[in-house]
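Q: Below you will find the structure I want to go over with you.
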Amino acid sequence: MIQERLSITVAGSGGAGAVTVGNTLLEAAGLTGWYARLTRSSGPQIRGGEVAATVCLSSHPIQSEPTHCDLLLALDWKNISRFADEMVLNRHSMVISDPAQGAVPDSIRDSGAHYLAMPFKALAAQAGGARPNMIVLGVAAQLAGLSRKSVEQTLEKTFHGDRRFVTGMAGVDAGIAAALPVNGLDLPSAPTPSRAERWSITGNQAAALGALRAGVRFAAGYPITPATEVLEWLALALPKLGGEFVQAEDELAAVNQIIGASFGGVPAITATSGPGLALMMESIGLAVAAEVPIVVIDVMRGGPATGIPTKSEQSDLNIAIHGLPGDAPHLVMAPTSVNDCLDTTHWAVKLSEWLQVPAIVLSNQALGQTRMIDNKPAPREWATERKVPDQVDGAYQRYQLTPDSVSPMTLPGMPGGQYTAEGLEHDESGIPSVRARDHLHQLDKRRNKLAEFDYGDYWADVEGAGSTAIITWGATVGAARELLARSPEFDGGLRLIALRLLAPEQPGPMAKMLRGVKRILVVEQSHGAQFYRYLKSGYDLSVRMRSFCRPGPVPILAVEIATQLQQWDSS
Amino acid sequence: MIQERLSITVAGSGGAGAVTVGNTLLEAAGLTGWYARLTRSSGPQIRGGEVAATVCLSSHPIQSEPTHCDLLLALDWKNISRFADEMVLNRHSMVISDPAQGAVPDSIRDSGAHYLAMPFKALAAQAGGARPNMIVLGVAAQLAGLSRKSVEQTLEKTFHGDRRFVTGMAGVDAGIAAALPVNGLDLPSAPTPSRAERWSITGNQAAALGALRAGVRFAAGYPITPATEVLEWLALALPKLGGEFVQAEDELAAVNQIIGASFGGVPAITATSGPGLALMMESIGLAVAAEVPIVVIDVMRGGPATGIPTKSEQSDLNIAIHGLPGDAPHLVMAPTSVNDCLDTTHWAVKLSEWLQVPAIVLSNQALGQTRMIDNKPAPREWATERKVPDQVDGAYQRYQLTPDSVSPMTLPGMPGGQYTAEGLEHDESGIPSVRARDHLHQLDKRRNKLAEFDYGDYWADVEGAGSTAIITWGATVGAARELLARSPEFDGGLRLIALRLLAPEQPGPMAKMLRGVKRILVVEQSHGAQFYRYLKSGYDLSVRMRSFCRPGPVPILAVEIATQLQQWDSS
Amino acid sequence: MKGKPSHAFSTKCYKSDIKPIWCPGCGDFGVLASITRALAILQVPPEEVAVVSGIGCSSRIPAYLNAYGFHGVHGRALPLATGLKLARPELTVLVAGGDGDGFAIGGNHFLHACRRNADITYIVMDNQVYGMTKGQASPTTEPDWDLSQLTPGGPGMNPFLPLLLALGSGANFLARASSSDPGGAADILVEAIRHPGFSFVQILSPCLTFQPEQRKWKKMVRPAPVKATTDPVRAAKRLMTDDNFFVGVLYQGERDPYEESSEEVTCKLDSLESEFQLPGLL
Amino acid sequence: MKGKPSHAFSTKCYKSDIKPIWCPGCGDFGVLASITRALAILQVPPEEVAVVSGIGCSSRIPAYLNAYGFHGVHGRALPLATGLKLARPELTVLVAGGDGDGFAIGGNHFLHACRRNADITYIVMDNQVYGMTKGQASPTTEPDWDLSQLTPGGPGMNPFLPLLLALGSGANFLARASSSDPGGAADILVEAIRHPGFSFVQILSPCLTFQPEQRKWKKMVRPAPVKATTDPVRAAKRLMTDDNFFVGVLYQGERDPYEESSEEVTCKLDSLESEFQLPGLL
Ligand SMILES: Cc1ncc(C[n+]2csc(CCOP(=O)(O)OP(=O)(O)O)c2C)c(N)n1
Ligand SMILES: Cc1ncc(C[n+]2csc(CCOP(=O)(O)OP(=O)(O)O)c2C)c(N)n1
Ligand code: SF4
Ligand code: SF4
Ligand SMILES: [Mg+2]
Ligand SMILES: [Mg+2]
């Protein structure tokens with residue numbers, strides 16, 4: 001297999017500066033024309049705990065996790081075992097550490113990785129008091145083929161002109177020098193510098209931006225890992241755009257605040273994670289019944305309960321789709337990559353506004369907190385605006401039955417449009433009703449407006465035309481995409497179906513996508529096969545279907561999917 | 001069809017005394033050896049609103065709703081249209097009203113029911129100032145063949161010796177006299193007085209009692225329609241049994257209070273309805289992760305959101321099964337009749353204690369608030385107690401992996417058993433862990449302890465051996481049971497499968513029950529076919545399957561199920 | 001008559017034609033009358049008023065008014081109204097509901113609304129009971145009220161003093177009114193609505209169905225003997241020692257209301273996006 | 001040394017061997033020390049102590065103690081502890097957590113625990129910030145603290161005064177302590193635990209990571225100049241005017257604690273069931 005990308009992990013205890021190295025490598029790579037990706041993994045400590053920063057460089061846009069670590073630079077070995085599960089070392093890997101930090105742990109020694117000792121600390125001392133992490137930065141840059149200039153420019157920005165820049169570069173130079181004689185890294189082909197516009201963004205930032213592009217001008221939220229950055233970027237941007245952000249006292253308040261704002265006509269959003277989503281469900285149900293558009297982003301983490309707040313999983317699918325009391329149809333969608341957080345959130349707002357219904361967007365930690373250097377997507381447009389009448393003639397009926405089941409919605413301030421938004425079952429005018437007929441009419445209406453809407457092609461991505469389909473969603477799409485790119489050799493070929501719209505189901509379009517498919521592997525990162533079971537319940541898929549599910553926190557790799565298919569072949 | 005039971009509805013505006021008539025008829029019927037059932041329907045008003053009390057008498061235990069109303073006694077016609085959906089009048093029905101209250105509404109006149117005018121008010125005035133509802137009581141008793149004595153004894157108890165008793169009986173006598181010449185009611189055969197022990201109980205009371213029988217000695221709750229009576233009976237009984245009841249400030253508090261009590265070793269329960277359940281989900285997830293047994297009764301009402309608080313539905317199945325964030329296996333069960341609220345709740349507590357997991361019991365308004373005169377079930381025993389070690393030797397590991405995946409649980413006060421119950425993912429000792437291995441082990445453990453437990457036969461009831469299966473659950477079971485009793489003529493015969501344990505699924509036992517089945521009709525009272533979809537997702541049912549679902553508030557009738565089957569036959 | 005409107009919008013303009021579900025004699029009728037009267041005094045066009053509520057008998061009030069209304073879920077009216085007001089600052093936003101809705105399930109939002117001080121008026125129709133669910137003890141119920149099966153012998157705890165709680169959490173306008181005097185209550189509401197920032201009006205509104213003793217309230221209420229103080233310490237003392245039957249504005253502070261961001265757009269989204277742009281290639 | 005234990009259980013007996021995740025210098029270390037010391041003074045066997053918490057850096061404390069512990073979900077420690085205490089009245093039940101856990105998401109339970117007055121001790125490690133989620137404003141954060149991106153320029157609202165809120169909702173034992181003096185804090189905790197009914201101790205516990213200015217607190221705290229009052233009105237005045245750095249027991253009232261039903265069985269279930277029995281047939 002040709003080396004297409006390079007994965008470098010820098011690990012160390014808190015304060016040792018591993019993250020600075022990771023950030024600098026990412027930015028330097030961007031300046032050099034690489035595509036890149038940075039993930040961070042840390043222990044439970046807020047400060048002072050160990051951390052591992054992994055930078056992946058590639059000449060092509062990066063879809064998924066690296067299969068193994070090419071280069072591990074260990075600033076020290078404290079608690080390195082915490083990362084053992086997440087770091088695949090093998091005979092293609094190189095490990096470098098400072099012998100002064102103690103012996104290489106058994107688990108790492110036994111991995112078969114090539115080992116090199118390098119006295120980071122001593123080199124740093126020689127280099128005029130630079131910190132050891134700067135040596136490591138130089139070593140990494142040199143081994144990855146990143147120019148000194150790209151590192152220099154990045155460090156200059158980071159430390160803007162401060163003393164640390166000068167000593168830092170001294171360290172970097174010492175590191176470069178020390179790495180010069182080293183060989184053994186299988187370098188990917190250097191990037192072809194491209195004129196395409198690139199950006200450096202995390203999924204959480206992209207989601208916030210997508211919301212703003214869609215016209216969101218109100219947001220409220222309560223901090224929670226790993227969703228807080230969505231709120232942070234909104235809090236920063238909204239006031240400048242004439243909008244408003246509120247830090248709420250809890251999630252119950254946050255979701256009701258956005259319902260209030262949206263009732264007032266201002267598209268509104270919140271972001272949270274599993275525990276917060278659970279608290280919001282009652283009021284999301286209110287938005288279903290009262291037909292108020294809102295968007296709730298759930299940046300999923302490991303569950304259940306408080307679970308694993310800093311790690312990724314796809315196990316909130318059940319609650320997102322089925323977690324509301326009563327019959328409460330709503331939208332559930334999921335971005336398929338870091339970049340796609342932008343457009344999927346944008347689309348979610350637009351659909352929610354048009355259909356007057358809550359949309360839950362399922363992102364996860366692996367998308368939200370990963371920083372990517374990638375092509376900036378071209379802006380997309382959706383023409384779906386909220387159906388607000390210009391004026392009201394005669395008696396206004398807020399929940400009027402209409403051909404497309406969407407009723408015109410007046411906004412406070414509009415004369416003659418006064419009505420009461422109602423969470424009790426109601427008749428067309430909004431007056432509470434316990435009558436079977438009114439209940440049925442409104443249930444039908446709320447279902448039909450979603451079920452009969454034409455979501456177009458954007459609801460799912462299909463790639464390949466093979467007879468073995470991989471159906472997946474969210475962060476796991478990347479691994480499947482990589483498999484398709486690498487392994488066209490599978491018998492009958494592969495076909496990837498990546499769902500962006502999870503609910504409501506799209507049986508017709510799905511059937512079309514599945515034409516010629518003989519078997520389906522359903523791939524997801526959950527323990528309970530939530531997605532597989534959902535597909536079984538909502539679609540009539542008449543071909544053989546298998547589930548490959550695995551919980552977090554370690555991401556699903558292309559190679560695992562391949563293994564599943566091979567086992568299926570041979571069984 | 002032989003008339004097997006008699007259904008009498010008394011309707012009138014609030015304060016007119018329709019409910020007193022209904023209660024008296026029920027009790028009098030009980031004294032006479034009838035089985036009976038009382039349901040009430042009222043408008044949104046707390047007091048002064050219209051109300052309809054329906055008493056059904058039968059010589060056999062009553063399973064389900066009457067198909068039509070035999071006798072409607074209208075104290076007045078105010079807002080009678082509110083009940084139109086719930087009251088089936090046809091040419092077998094008789095309607096009696098006082099012409100002084102105005103003309104018979106069109107909808108009723110057009111039903112084909114036989115109409116009789118009777119001057120209730122004038123008769124009451126003649127009978128020494130009795131209230132008109134006492135005339136109605138006399139008329140109903142006479143037409144239903146209830147003895148004067150049974151009415152007298154009941155009224156005496158109600159008014160214990162008070163003046164109203166004497167004037168009341170005067171009214172009753174006048175009513176009896178007025179009804180003497182009336183003929184045309186198709187009376188069911190009189191009951192054979194039985195020596196079996198009977199009781200008069202609602203589903204909500206039975207559920208509370210079942211909890212106490214199972215050893216529950218702590219309950220907490222926040223009032224909500226239609227669940228409050230469960231709490232009321234617990235609040236009354238617990239202090240007498242050395243237990244404790246707390247009225248909580250909200251549902252978030254209630255569920256955490258019972259988690260705390262159960263952590264302390266005292267089996268604990270709460271009851272709520274859809275909106276309250278939604279608020280409890282985050283903490284029910286905590287009980288899953290920390291492995292604390294609790295039972296949550298959800299007395300379902302019409303949804304979504306505030307919905308239809310006083311009416312019935314089965315639409316919280318989705319949230320009960322799938323409403324927790326993360327992968328969070330737990331128990332979901334449902335009583336199949338008013339009486340069965342007793343044993344199902346009892347069983348839920350026992351299973352929850354044994355498996356150290358939350359159980360959600362899905363009752364609904366139609367079970368919880370219906371009062372029945374029925375055979376008192378013989379006490380049941382389940383030997384599943386919580387696994388509490390007698391003493392602790394050596395290092396105690398709260399979340400130890402064991403062959404049955406249930407770990408011994410120490411209780412505060414036990415020396416050496418100290419541990420911290422943990423909602424974060426953890427290792428066997430309970431220390432928080434983000435490692436993939438610990439996560440997987442604990443996820444496996446929490447799934448396996450439920451999946452590998454042998455629930456025995458009690459998990460579902462099967463009746464009949466036909467090749468057409470009706471699979472249903474909860475309050476809808478009664479209608480299916482009635483259909484089986486009445487219509488053995490269906491081609492190939494019918495088979496009823498009534499699930500008591502909804503989650504986890506029981507694929508093996510289900511397959512056994514389905515042997516010889518050629519097609520399955522899945523019956524439920526929801527709009528979104530929640531049960532049907534759940535069965536599809538969780539079972540591999542290889543026969544033809546159809547969904548018959550209909551939302552509330554009107555109960556599903558045996559005849560509707562029959563129609564569905566006939567349509568299927570002819571399609 | 002005091003406060004009688006003589007302008008374009010009569011009190012009737014603010015009433016809808018939906019018949020209340022309330023029991024005969026329920027205090028909430030008086031509250032409804034006081035709100036329509038206050039709005040007529042203020043002459044705010046009906047379409048510029050929004051009334052938000054939770055769940056309870058009292059919380060049914062939005063539908064009985066001719067205004068924009070939101071009948072939300074139990075206990076969450078304040079945050080819903082906060083979102084509405086911050087998104088649409090030009091609206092007159094009222095929140096109305098019961099003691100259960102506001103101080104039991106909704107207690108946290110009550111505290112935080114007082115602290116946040118957004119410009120909304122919160123009217124609690126206090127009947128010291130959960131009326132809607134047929135009579136259970138609420139946080140303002142007396143310790144010995146024993147008419148609910150959920151609290152046999154009574155809740156046994158001192159009732160909350162809602163005005164004191166509001167003061168302690170930073171509220172800046174505190175008043176008490178009585179549903180038995182809709183005119184007086186209307187005048188208080190007018191002041192409350194005019195007050196910049198959060199204003200809280202506790203209206204004693206009897207539930208004759210489950211708290212029949214409250215029939216007496218009518219005779220027990222009387223105007224507060226001294227004028228509203230601006231000193232929170234003095235206000236606290238008054239609230240801790242009064243008998244809960246003084247009506248009037250009791251405290252009015254001068255803390256600045258919650259400041260919404262200006263609605264002015266100071267920046268285009270494009271230029272915000274440029275934050276993520278990479279500098280030109282080396 | 002004041003309060004030094006000389007009995008069977010040393011402070012060490014109450015420590016577990018799990019290493020705290022806290023940052024170097026975090027005030028919570030001092031709180032941990034004060035709790036183990038208080039328990040040693042009280043000589044309550046470790047297995048009869050239960051420590052309940054929510055989520056936050058501070059809420060990690062149960063696992064660091066040798067006692068029964070419950071690390072629950074964010075904001076719900078008080079009701080969980082209430083259920084435990086009422087079910088098992090003989091246990092010593094402590095609740096410990098942060099200002100975010102207790103006054104933001106958990107605010108409602110805080111009010112109601114104060115009112116209910118069950119015999120538990122609530123320790124809030126107040127650092128005026130959400131430490132765990134990397135530094136956002138909490139309800140006790142100063143209005144001009146501008147280090148969080150969620151509240152650019154600062155939250156702009158007056159902080160809650162937790163002791164005042166507790167007083168206003170009926171709490172009967174109020175104290176303030178400082179993590180910089182674990183011995184002094186331990187003595188206060190001893191009094192709090194001994195107090196029958198709900199006791200609330202606010203411990204100033206700096207978060208040097210996100211509130212570096214709190215380094216100064218050590219120098220600012222000082223013993224309250226006057227003894228604890230039993231008069232709530234006077235206590236209110238003190239709490240509204242003090243500078244938040246007086247430590248000591250500030251108020252101690254005499255309200256009866258929440259009364260659990262007696263554990264005596266006065267009736268058999270069978271006889272309760274007979275309520276549903278039908279009388280003999282006619
Ligand atoms: C989440 C939730 N819990 C409980 C209820 C049931 N419930 C409806 S109204 C109410 C209390 C109403 O009391 P209050 O707010 O004082 O209003 P009142 O009826 O007295 O005017 C309760 C507990 C509900 N609708 N939703
Ligand atoms: C329902 C829910 N919402 C949000 C969070 C995220 N969260 C965890 S701890 C915390 C705040 C902690 O602040 P505090 O209680 O003051 O504790 P500290 O870390 O400062 O000690 C938040 C918001 C969560 N875990 N659960
Ligand atoms: S129950 Fe009480 S609060 Fe509700 S409408 Fe009747 S009188 Fe009013
Ligand atoms: S972030 Fe603050 S509160 Fe949390 S451990 Fe560090 S210093 Fe303590
Ligand atoms: Mg009330
Ligand atoms: Mg804090």
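Order determines the names: the first chain of the structure tokens is A, the second B, and so forth; residues in each chain are numbered 1 upward, and ligands are numbered 1 upward as they are shown.
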Write out as a JSON list (two decimals) with N, CA, C and O atoms, in the first residue's frame the residues lying within 9 Å of Val554 (chain A), counting only C-alpha atoms and excluding same-chain residues fewer than 4 positions away.
A:
[["chain", "number", "residue", "atom", "x", "y", "z"],
["A", 85, "ASP", "N", -5.11, 2.31, 23.92],
["A", 85, "ASP", "CA", -6.21, 1.85, 23.07],
["A", 85, "ASP", "C", -6.34, 2.65, 21.79],
["A", 85, "ASP", "O", -6.85, 2.16, 20.78],
["A", 86, "GLU", "N", -5.94, 3.90, 21.87],
["A", 86, "GLU", "CA", -6.23, 4.79, 20.75],
["A", 86, "GLU", "C", -5.07, 4.90, 19.77],
["A", 86, "GLU", "O", -5.18, 5.57, 18.75],
["A", 311, "LYS", "N", -14.91, 11.60, 24.84],
["A", 311, "LYS", "CA", -14.66, 10.67, 23.75],
["A", 311, "LYS", "C", -15.91, 10.50, 22.89],
["A", 311, "LYS", "O", -17.01, 10.83, 23.30],
["A", 312, "SER", "N", -15.70, 9.86, 21.76],
["A", 312, "SER", "CA", -16.76, 9.85, 20.75],
["A", 312, "SER", "C", -17.55, 8.55, 20.73],
["A", 312, "SER", "O", -17.07, 7.49, 21.10],
["A", 313, "GLU", "N", -18.77, 8.66, 20.27],
["A", 313, "GLU", "CA", -19.63, 7.49, 20.05],
["A", 313, "GLU", "C", -20.80, 7.95, 19.18],
["A", 313, "GLU", "O", -20.98, 9.14, 18.94],
["B", 435, "ARG", "N", -11.04, 3.98, 29.15],
["B", 435, "ARG", "CA", -10.41, 2.97, 28.31],
["B", 435, "ARG", "C", -11.43, 2.13, 27.58],
["B", 435, "ARG", "O", -12.45, 1.73, 28.13],
["B", 436, "ALA", "N", -11.09, 1.82, 26.33],
["B", 436, "ALA", "CA", -12.00, 1.06, 25.47],
["B", 436, "ALA", "C", -12.37, -0.27, 26.12],
["B", 436, "ALA", "O", -13.52, -0.71, 26.09]]
Q: Compute the set of protein, DNA and RNA residues whose minimum atom distance to ligand 4 is at most 8 Å, using only C-alpha atoms and all ligand atoms, and state it as a count of residues only.
A: 28
Q: Using DSSP assignments from the backbone, pull out every residue in region 81-136 of chain B that falls under strand (DSSP E) and give it to me as a count of residues only.
A: 8
Q: From the options D:Asn117, D:Gln277, D:Ser271, D:Ser10, which residue's atoms come nearest to chain B, counting only C-alpha atoms?
A: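 Nearest candidate to chain B out of D:Asn117, D:Gln277, D:Ser271, D:Ser10: D:Gln277.
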Q: With only C-alpha atoms as the counted atoms, please give the residues lying no more than 9 Å from Gly72 (chain C), apart from itself and same-chain residues fewer than 6 positions off, as a list in words.
A: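 Using only C-alpha atoms, the neighbours found are Asn256, Ser283, Leu286, Ala287, Ala290, Ala421, Glu422, Gly423 and Leu424 of chain A; Ala305 and Thr306 of chain B; Val52, Ser53, Gly54, Ile55, Ser59 and Leu80 of chain C.
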